[in-house]
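Text of the file coords02.tsv, holding TSV, N, CA and C atoms and all ligand atoms:
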```tsv
chain	number	residue	atom	x	y	z
A	5	MET	N	75.85	129.07	101.54
A	5	MET	CA	75.93	127.63	101.75
A	5	MET	C	75.74	126.89	100.43
A	6	LYS	N	76.46	125.76	100.31
A	6	LYS	CA	76.24	124.87	99.18
A	6	LYS	C	75.72	123.55	99.74
A	7	TYR	N	74.97	122.86	98.94
A	7	TYR	CA	74.32	121.63	99.37
A	7	TYR	C	74.60	120.51	98.39
A	8	MET	N	74.62	119.27	98.91
A	8	MET	CA	74.79	118.12	98.04
A	8	MET	C	73.89	117.01	98.56
A	9	VAL	N	73.07	116.48	97.67
A	9	VAL	CA	72.24	115.34	98.03
A	9	VAL	C	73.06	114.08	97.80
A	10	ILE	N	73.13	113.23	98.79
A	10	ILE	CA	73.90	111.98	98.67
A	10	ILE	C	73.03	110.79	99.05
A	11	ARG	N	73.47	109.62	98.65
A	11	ARG	CA	72.73	108.41	98.98
A	11	ARG	C	72.91	108.09	100.46
A	12	ALA	N	71.90	107.51	101.06
A	12	ALA	CA	71.98	107.15	102.48
A	12	ALA	C	73.13	106.18	102.73
A	13	SER	N	73.43	105.35	101.72
A	13	SER	CA	74.50	104.37	101.90
A	13	SER	C	75.88	105.01	101.88
A	14	ASP	N	75.96	106.28	101.51
A	14	ASP	CA	77.25	106.98	101.49
A	14	ASP	C	77.48	107.85	102.73
A	15	VAL	N	76.55	107.76	103.66
A	15	VAL	CA	76.67	108.56	104.89
A	15	VAL	C	77.97	108.25	105.63
A	16	LYS	N	78.43	107.01	105.49
A	16	LYS	CA	79.66	106.60	106.18
A	16	LYS	C	80.88	107.38	105.69
A	17	HIS	N	80.78	107.97	104.52
A	17	HIS	CA	81.91	108.73	103.97
A	17	HIS	C	81.98	110.17	104.50
A	18	ILE	N	80.91	110.62	105.11
A	18	ILE	CA	80.85	112.04	105.49
A	18	ILE	C	81.92	112.38	106.52
A	19	ASP	N	82.68	113.44	106.23
A	19	ASP	CA	83.62	114.00	107.18
A	19	ASP	C	82.91	115.18	107.86
A	20	PHE	N	82.47	114.97	109.08
A	20	PHE	CA	81.64	115.99	109.73
A	20	PHE	C	82.42	117.24	110.12
A	21	ASP	N	83.73	117.20	109.97
A	21	ASP	CA	84.51	118.42	110.17
A	21	ASP	C	84.37	119.36	108.97
A	22	LYS	N	83.91	118.80	107.86
A	22	LYS	CA	83.88	119.57	106.61
A	22	LYS	C	82.48	120.06	106.24
A	23	VAL	N	81.49	119.68	107.02
A	23	VAL	CA	80.12	120.09	106.70
A	23	VAL	C	79.47	120.71	107.93
A	24	GLU	N	78.35	121.34	107.70
A	24	GLU	CA	77.65	122.03	108.79
A	24	GLU	C	76.89	121.07	109.71
A	25	GLN	N	76.51	119.92	109.15
A	25	GLN	CA	75.88	118.93	110.00
A	25	GLN	C	76.93	118.42	110.99
A	26	THR	N	76.51	118.16	112.22
A	26	THR	CA	77.50	117.81	113.24
A	26	THR	C	77.68	116.31	113.43
A	27	SER	N	76.69	115.53	113.05
A	27	SER	CA	76.79	114.08	113.21
A	27	SER	C	75.70	113.41	112.38
A	28	VAL	N	75.76	112.09	112.32
A	28	VAL	CA	74.72	111.37	111.56
A	28	VAL	C	73.34	111.64	112.14
A	29	ASP	N	73.29	112.00	113.41
A	29	ASP	CA	72.00	112.25	114.04
A	29	ASP	C	71.33	113.52	113.55
A	30	THR	N	72.09	114.39	112.94
A	30	THR	CA	71.51	115.66	112.49
A	30	THR	C	71.21	115.65	111.00
A	31	LEU	N	71.44	114.52	110.34
A	31	LEU	CA	71.13	114.43	108.92
A	31	LEU	C	69.63	114.32	108.72
A	32	ARG	N	69.17	114.93	107.66
A	32	ARG	CA	67.76	114.82	107.33
A	32	ARG	C	67.62	113.94	106.09
A	33	TYR	N	66.80	112.92	106.20
A	33	TYR	CA	66.60	111.97	105.11
A	33	TYR	C	65.29	112.23	104.40
A	34	ASN	N	65.20	111.70	103.18
A	34	ASN	CA	63.91	111.75	102.50
A	34	ASN	C	63.00	110.68	103.12
A	35	ASN	N	61.75	110.64	102.66
A	35	ASN	CA	60.78	109.73	103.28
A	35	ASN	C	61.10	108.26	103.05
A	36	LYS	N	61.82	107.99	101.98
A	36	LYS	CA	62.19	106.60	101.71
A	36	LYS	C	63.49	106.22	102.38
A	37	LYS	N	64.12	107.19	103.04
A	37	LYS	CA	65.41	106.98	103.71
A	37	LYS	C	66.48	106.52	102.71
A	38	THR	N	66.33	106.94	101.46
A	38	THR	CA	67.32	106.56	100.45
A	38	THR	C	68.36	107.64	100.24
A	39	GLN	N	68.04	108.87	100.60
A	39	GLN	CA	68.96	109.98	100.38
A	39	GLN	C	68.94	110.92	101.57
A	40	THR	N	70.06	111.61	101.72
A	40	THR	CA	70.14	112.69	102.68
A	40	THR	C	70.96	113.79	102.02
A	41	PHE	N	71.30	114.82	102.76
A	41	PHE	CA	72.12	115.87	102.14
A	41	PHE	C	73.05	116.49	103.18
A	42	VAL	N	74.10	117.08	102.67
A	42	VAL	CA	75.03	117.81	103.53
A	42	VAL	C	75.14	119.24	103.01
A	43	LYS	N	75.58	120.13	103.88
A	43	LYS	CA	75.80	121.50	103.42
A	43	LYS	C	77.12	121.99	103.97
A	44	TRP	N	77.73	122.90	103.24
A	44	TRP	CA	79.00	123.46	103.67
A	44	TRP	C	79.08	124.91	103.26
A	45	LYS	N	79.97	125.62	103.91
A	45	LYS	CA	80.14	127.04	103.59
A	45	LYS	C	80.76	127.17	102.20
A	46	SER	N	80.19	128.07	101.40
A	46	SER	CA	80.69	128.24	100.04
A	46	SER	C	81.88	129.19	99.99
A	47	LYS	N	82.05	129.99	101.05
A	47	LYS	CA	83.23	130.86	101.08
A	47	LYS	C	83.62	131.17	102.51
A	48	CYS	N	84.85	131.59	102.67
A	48	CYS	CA	85.39	131.87	103.99
A	48	CYS	C	84.75	133.13	104.57
A	49	GLU	N	84.43	133.06	105.87
A	49	GLU	CA	83.80	134.21	106.50
A	49	GLU	C	84.77	135.37	106.67
A	50	CYS	N	86.05	135.08	106.75
A	50	CYS	CA	87.01	136.17	107.02
A	50	CYS	C	87.49	136.84	105.74
A	51	CYS	N	87.65	136.09	104.66
A	51	CYS	CA	88.28	136.69	103.49
A	51	CYS	C	87.53	136.43	102.19
A	52	ASP	N	86.34	135.82	102.29
A	52	ASP	CA	85.53	135.57	101.09
A	52	ASP	C	86.16	134.61	100.10
A	53	ARG	N	87.22	133.93	100.52
A	53	ARG	CA	87.83	132.95	99.63
A	53	ARG	C	86.83	131.82	99.38
A	54	ALA	N	86.69	131.44	98.12
A	54	ALA	CA	85.71	130.41	97.79
A	54	ALA	C	86.21	129.04	98.26
A	55	PHE	N	85.35	128.27	98.87
A	55	PHE	CA	85.69	126.91	99.27
A	55	PHE	C	85.23	125.93	98.20
A	56	THR	N	86.05	124.95	97.92
A	56	THR	CA	85.61	123.91	97.01
A	56	THR	C	84.76	122.92	97.79
A	57	LYS	N	84.11	122.02	97.09
A	57	LYS	CA	83.26	121.06	97.79
A	57	LYS	C	84.14	120.10	98.58
A	58	PRO	N	83.65	119.64	99.76
A	58	PRO	CA	84.44	118.73	100.59
A	58	PRO	C	84.90	117.50	99.81
A	59	SER	N	86.15	117.11	100.00
A	59	SER	CA	86.73	116.05	99.17
A	59	SER	C	86.07	114.69	99.38
A	60	PHE	N	85.48	114.46	100.57
A	60	PHE	CA	84.86	113.15	100.80
A	60	PHE	C	83.73	112.88	99.81
A	61	LEU	N	83.19	113.96	99.23
A	61	LEU	CA	82.07	113.79	98.31
A	61	LEU	C	82.47	113.01	97.06
A	62	SER	N	83.76	112.98	96.77
A	62	SER	CA	84.20	112.22	95.61
A	62	SER	C	84.03	110.72	95.83
A	63	LYS	N	83.88	110.31	97.11
A	63	LYS	CA	83.64	108.89	97.40
A	63	LYS	C	82.16	108.53	97.31
A	64	CYS	N	81.33	109.54	97.21
A	64	CYS	CA	79.89	109.30	97.18
A	64	CYS	C	79.42	109.20	95.74
A	65	LYS	N	78.57	108.23	95.48
A	65	LYS	CA	78.08	108.01	94.12
A	65	LYS	C	76.68	108.59	93.96
A	66	ASN	N	76.35	108.93	92.71
A	66	ASN	CA	75.01	109.44	92.39
A	66	ASN	C	74.61	110.62	93.27
A	67	THR	N	75.51	111.57	93.39
A	67	THR	CA	75.18	112.76	94.16
A	67	THR	C	74.43	113.75	93.28
A	68	THR	N	73.71	114.65	93.91
A	68	THR	CA	73.06	115.75	93.22
A	68	THR	C	73.61	117.05	93.78
A	69	GLY	N	74.26	117.83	92.94
A	69	GLY	CA	74.81	119.07	93.42
A	69	GLY	C	76.18	119.34	92.87
A	70	PRO	N	76.89	120.35	93.36
A	70	PRO	CA	76.47	121.23	94.46
A	70	PRO	C	75.24	122.07	94.09
A	71	LEU	N	74.40	122.24	95.08
A	71	LEU	CA	73.16	122.98	94.89
A	71	LEU	C	73.20	124.28	95.68
A	72	THR	N	72.51	125.27	95.16
A	72	THR	CA	72.36	126.51	95.92
A	72	THR	C	71.27	126.31	96.96
A	73	HIS	N	71.16	127.27	97.86
A	73	HIS	CA	70.11	127.22	98.87
A	73	HIS	C	68.73	127.14	98.23
A	74	GLU	N	68.53	127.91	97.17
A	74	GLU	CA	67.23	127.91	96.50
A	74	GLU	C	66.93	126.55	95.88
A	75	GLN	N	67.94	125.94	95.25
A	75	GLN	CA	67.73	124.63	94.63
A	75	GLN	C	67.44	123.57	95.68
A	76	MET	N	68.15	123.65	96.81
A	76	MET	CA	67.93	122.67	97.88
A	76	MET	C	66.54	122.84	98.46
A	77	LYS	N	66.12	124.08	98.60
A	77	LYS	CA	64.80	124.34	99.15
A	77	LYS	C	63.73	123.76	98.25
A	78	GLU	N	63.95	123.82	96.95
A	78	GLU	CA	62.98	123.28	96.00
A	78	GLU	C	62.89	121.76	96.17
A	79	ILE	N	64.03	121.11	96.29
A	79	ILE	CA	64.03	119.66	96.48
A	79	ILE	C	63.29	119.30	97.76
A	80	LEU	N	63.53	120.06	98.81
A	80	LEU	CA	62.88	119.75	100.09
A	80	LEU	C	61.38	120.01	100.05
A	81	SER	N	60.92	120.69	99.01
A	81	SER	CA	59.48	120.92	98.90
A	81	SER	C	58.80	119.78	98.15
A	82	TYR	N	59.58	118.87	97.55
A	82	TYR	CA	58.99	117.73	96.86
A	82	TYR	C	58.37	116.77	97.87
A	83	ASP	N	57.39	116.00	97.40
A	83	ASP	CA	56.70	115.05	98.27
A	83	ASP	C	57.68	114.09	98.94
A	84	LEU	N	58.70	113.68	98.18
A	84	LEU	CA	59.65	112.71	98.70
A	84	LEU	C	60.34	113.23	99.96
A	85	TRP	N	60.47	114.54	100.06
A	85	TRP	CA	61.21	115.13	101.18
A	85	TRP	C	60.29	115.79	102.21
A	86	THR	N	58.99	115.76	101.94
A	86	THR	CA	58.06	116.40	102.85
A	86	THR	C	57.62	115.39	103.90
A	87	PRO	N	57.74	115.73	105.17
A	87	PRO	CA	57.37	114.77	106.22
A	87	PRO	C	55.97	114.23	106.01
A	88	ARG	N	55.80	112.96	106.28
A	88	ARG	CA	54.49	112.34	106.14
A	88	ARG	C	53.58	112.74	107.28
A	89	ASN	N	52.32	112.33	107.14
A	89	ASN	CA	51.31	112.62	108.15
A	89	ASN	C	51.27	114.10	108.51
A	90	PRO	N	51.11	114.92	107.50
A	90	PRO	CA	51.05	116.36	107.80
A	90	PRO	C	49.80	116.69	108.61
A	91	SER	N	49.88	117.73	109.36
A	91	SER	CA	48.73	118.16	110.15
A	91	SER	C	47.64	118.65	109.21
A	92	ASN	N	46.42	118.78	109.75
A	92	ASN	CA	45.32	119.27	108.94
A	92	ASN	C	45.63	120.63	108.33
A	93	GLU	N	46.30	121.43	109.13
A	93	GLU	CA	46.63	122.77	108.66
A	93	GLU	C	47.57	122.70	107.45
A	94	GLU	N	48.54	121.78	107.52
A	94	GLU	CA	49.47	121.65	106.41
A	94	GLU	C	48.78	121.11	105.17
A	95	LEU	N	47.86	120.15	105.38
A	95	LEU	CA	47.12	119.60	104.25
A	95	LEU	C	46.31	120.69	103.57
A	96	GLU	N	45.64	121.48	104.40
A	96	GLU	CA	44.81	122.54	103.88
A	96	GLU	C	45.64	123.52	103.06
A	97	ARG	N	46.81	123.82	103.60
A	97	ARG	CA	47.70	124.77	102.93
A	97	ARG	C	48.16	124.22	101.58
A	98	SER	N	48.51	122.93	101.56
A	98	SER	CA	49.03	122.34	100.33
A	98	SER	C	47.96	122.21	99.26
A	99	MET	N	46.69	122.21	99.68
A	99	MET	CA	45.61	122.07	98.70
A	99	MET	C	45.20	123.40	98.10
A	100	ARG	N	45.60	124.48	98.73
A	100	ARG	CA	45.28	125.78	98.15
A	100	ARG	C	46.08	126.00	96.88
A	101	THR	N	45.43	126.60	95.92
A	101	THR	CA	46.10	126.80	94.65
A	101	THR	C	46.98	128.05	94.66
A	102	VAL	N	46.58	129.00	95.47
A	102	VAL	CA	47.36	130.25	95.52
A	102	VAL	C	48.67	129.97	96.24
A	103	LYS	N	49.73	130.37	95.62
A	103	LYS	CA	51.03	130.16	96.22
A	103	LYS	C	51.24	131.17	97.35
A	104	GLU	N	51.54	130.61	98.51
A	104	GLU	CA	51.75	131.48	99.66
A	104	GLU	C	53.23	131.70	99.89
A	105	SER	N	53.51	132.41	100.93
A	105	SER	CA	54.91	132.68	101.26
A	105	SER	C	55.64	131.35	101.42
A	106	PRO	N	56.87	131.29	100.97
A	106	PRO	CA	57.60	130.01	101.01
A	106	PRO	C	57.79	129.48	102.41
A	107	ASN	N	57.87	128.17	102.46
A	107	ASN	CA	58.14	127.51	103.72
A	107	ASN	C	59.48	128.00	104.27
A	108	THR	N	59.45	128.49	105.47
A	108	THR	CA	60.68	129.08	106.02
A	108	THR	C	61.42	128.11	106.94
A	109	GLU	N	60.92	126.88	107.02
A	109	GLU	CA	61.52	125.93	107.96
A	109	GLU	C	63.00	125.75	107.70
A	110	TYR	N	63.38	125.78	106.44
A	110	TYR	CA	64.78	125.52	106.13
A	110	TYR	C	65.50	126.80	105.69
A	111	ALA	N	64.81	127.93	105.87
A	111	ALA	CA	65.43	129.20	105.46
A	111	ALA	C	66.64	129.48	106.34
A	112	GLU	N	67.73	129.71	105.72
A	112	GLU	CA	68.94	130.02	106.45
A	112	GLU	C	69.72	131.02	105.66
A	113	GLU	N	70.68	131.59	106.28
A	113	GLU	CA	71.50	132.56	105.56
A	113	GLU	C	72.39	131.84	104.57
A	114	GLU	N	72.54	132.44	103.45
A	114	GLU	CA	73.43	131.85	102.43
A	114	GLU	C	74.85	131.89	102.92
B	201	ZN	ZN	89.54	133.50	105.20
```
Would you mind writing the structure in this file as C-alpha cells?
Ligand SMILES: [Zn+2]
Amino acid sequence: MKYMVIRASDVKHIDFDKVEQTSVDTLRYNNKKTQTFVKWKSKCECCDRAFTKPSFLSKCKNTTGPLTHEQMKEILSYDLWTPRNPSNEELERSMRTVKESPNTEYAEEE
C-alpha cells in the first residue's frame, strides 16, 4: 500500500474508486481536522504491475507522500494524529521510556 496525506479541504477531490477508503466517512483525520490521508494499492494483485498514484491527487495541494506503510505509521504515531483523551493505560504506556512493540492498530499488509 502507498499512502498520501492530503489537506481536509481537498477531500472533495478524492475519487473513492481509486483508493482503499470507501467514502468520506471512513477517512481518518488528524486532531486539528486539517489533514487526512488516502491509501491505494502499490501494485496489481494479479500481475505485480506497479500502479501509479491516483490522478486526483494532482488536484490536491500540499500533499505529503507517496508514503510507505512504515512512514505513514510513523506519522500516525505523532501527537497530532493520536486520538485525544487517551485512557489511563495508554497514558501510562506513552510515559514509559522503554520502547514497546509497535502500535498495531494500523498494521496492515503492504
Ligand atoms: Zn494485473
Spatial neighbours of A:Met8, 6.5 Å, only N, CA and C atoms, chain gap at least 2 places, as JSON, numbers by chain: {"A": [6, 10, 40, 41, 42, 43, 44, 67, 68, 69, 70, 71]}
Taking a cut-off of 6.5 Å and counting all atoms listed in the file, can you build a table that, for each residue of chain A near ligand ZN 201 (chain B), reports the nearest atom pair and how far apart they are in Å (one decimal), sorted by chain then residue number, as a tab-separated table?
```
residue	atom	partner	partner_atom	distance
A:Cys48	CA	B:ZN201	ZN	4.6
A:Glu49	N	B:ZN201	ZN	5.2
A:Cys50	C	B:ZN201	ZN	4.0
A:Cys51	N	B:ZN201	ZN	3.3
A:Asp52	N	B:ZN201	ZN	4.9
A:Arg53	N	B:ZN201	ZN	5.2
```
In Å, with one decimal, what is the gap from atom C of A:Ser27 to atom CA of A:Ala54?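 So the two atoms, atom C of A:Ser27 and atom CA of A:Ala54, lie 24.5 Å apart.
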Contacts of A:Asp14 within 6.5 Å, only N, CA and C atoms, excl. fewer than 3 positions in-chain, as a ChimeraX atom specification: /A:10-11,17-18,64-65
Can you write out the residues you just picked, keeping N, CA and C atoms, as a PDB file, in the frame of the given file?
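What follows is the written file selection05.pdb:
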```
ATOM      1  N   ILE A  10      73.130 113.230  98.790  1.00  0.00           N
ATOM      2  CA  ILE A  10      73.900 111.980  98.670  1.00  0.00           C
ATOM      3  C   ILE A  10      73.030 110.790  99.050  1.00  0.00           C
ATOM      4  N   ARG A  11      73.470 109.620  98.650  1.00  0.00           N
ATOM      5  CA  ARG A  11      72.730 108.410  98.980  1.00  0.00           C
ATOM      6  C   ARG A  11      72.910 108.090 100.460  1.00  0.00           C
ATOM      7  N   HIS A  17      80.780 107.970 104.520  1.00  0.00           N
ATOM      8  CA  HIS A  17      81.910 108.730 103.970  1.00  0.00           C
ATOM      9  C   HIS A  17      81.980 110.170 104.500  1.00  0.00           C
ATOM     10  N   ILE A  18      80.910 110.620 105.110  1.00  0.00           N
ATOM     11  CA  ILE A  18      80.850 112.040 105.490  1.00  0.00           C
ATOM     12  C   ILE A  18      81.920 112.380 106.520  1.00  0.00           C
ATOM     13  N   CYS A  64      81.330 109.540  97.210  1.00  0.00           N
ATOM     14  CA  CYS A  64      79.890 109.300  97.180  1.00  0.00           C
ATOM     15  C   CYS A  64      79.420 109.200  95.740  1.00  0.00           C
ATOM     16  N   LYS A  65      78.570 108.230  95.480  1.00  0.00           N
ATOM     17  CA  LYS A  65      78.080 108.010  94.120  1.00  0.00           C
ATOM     18  C   LYS A  65      76.680 108.590  93.960  1.00  0.00           C
TER      19      LYS A  65
END
```
Check stretch 17-101 of chain A with DSSP on the backbone and list each residue it calls strand (DSSP E), as a list in words.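 Strand (DSSP E) assignments inside stretch 17-101 of chain A correspond to Gln39, Thr40, Phe41, Val42, Lys43, Trp44, Thr68, Gly69, Pro70 and Leu71 of chain A.
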Please report, as a Markdown table, each residue of stretch 5-40 of chain A lying at most 8 Å from stretch 79-83 of chain A, together with the nearest pair of atoms and the separation in Å rounded to one decimal; use all atoms listed in the file, and order rows by chain and ascending residue number.
```
| residue | atom | partner | partner_atom | distance |
| --- | --- | --- | --- | --- |
| A:Asn34 | CA | A:Asp83 | C | 7.5 |
| A:Asn35 | N | A:Asp83 | C | 6.5 |
| A:Lys36 | N | A:Asp83 | C | 8.0 |
```
Quick one, how far is atom CA of A:His73 from atom CA of A:Ser59? 20.0 Å
Select, from A:Met76, A:Leu84, A:Met5, A:Ala12, the residue with the minimum atom-to-atom distance to A:Gln39, counting all atoms listed in the file.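 Looking only at the distances to A:Gln39, the closest residue turns out to be A:Ala12.
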With distances taken over all atoms listed in the file, which residue among A:Lys57, A:Lys77, A:Arg32, A:Lys37 lies nearest A:Ser13?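 Between A:Lys57, A:Lys77, A:Arg32, A:Lys37, the residue approaching A:Ser13 most closely is A:Lys37.
Pairwise distance (atom CA of A:Asn66, atom CA of A:Arg88) equals 24.9 Å.
Shortest atom-to-atom contact with A:Asp21 among A:Lys45, A:Thr72, A:Thr86, A:Lys63: A:Lys45, counting only C-alpha atoms.
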Could you tell me which of A:Pro58, A:Pro87, A:Glu78, A:Glu96 comes closest to A:Val23 if we count all atoms listed in the file?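 Smallest distance to A:Val23 is found for A:Pro58.
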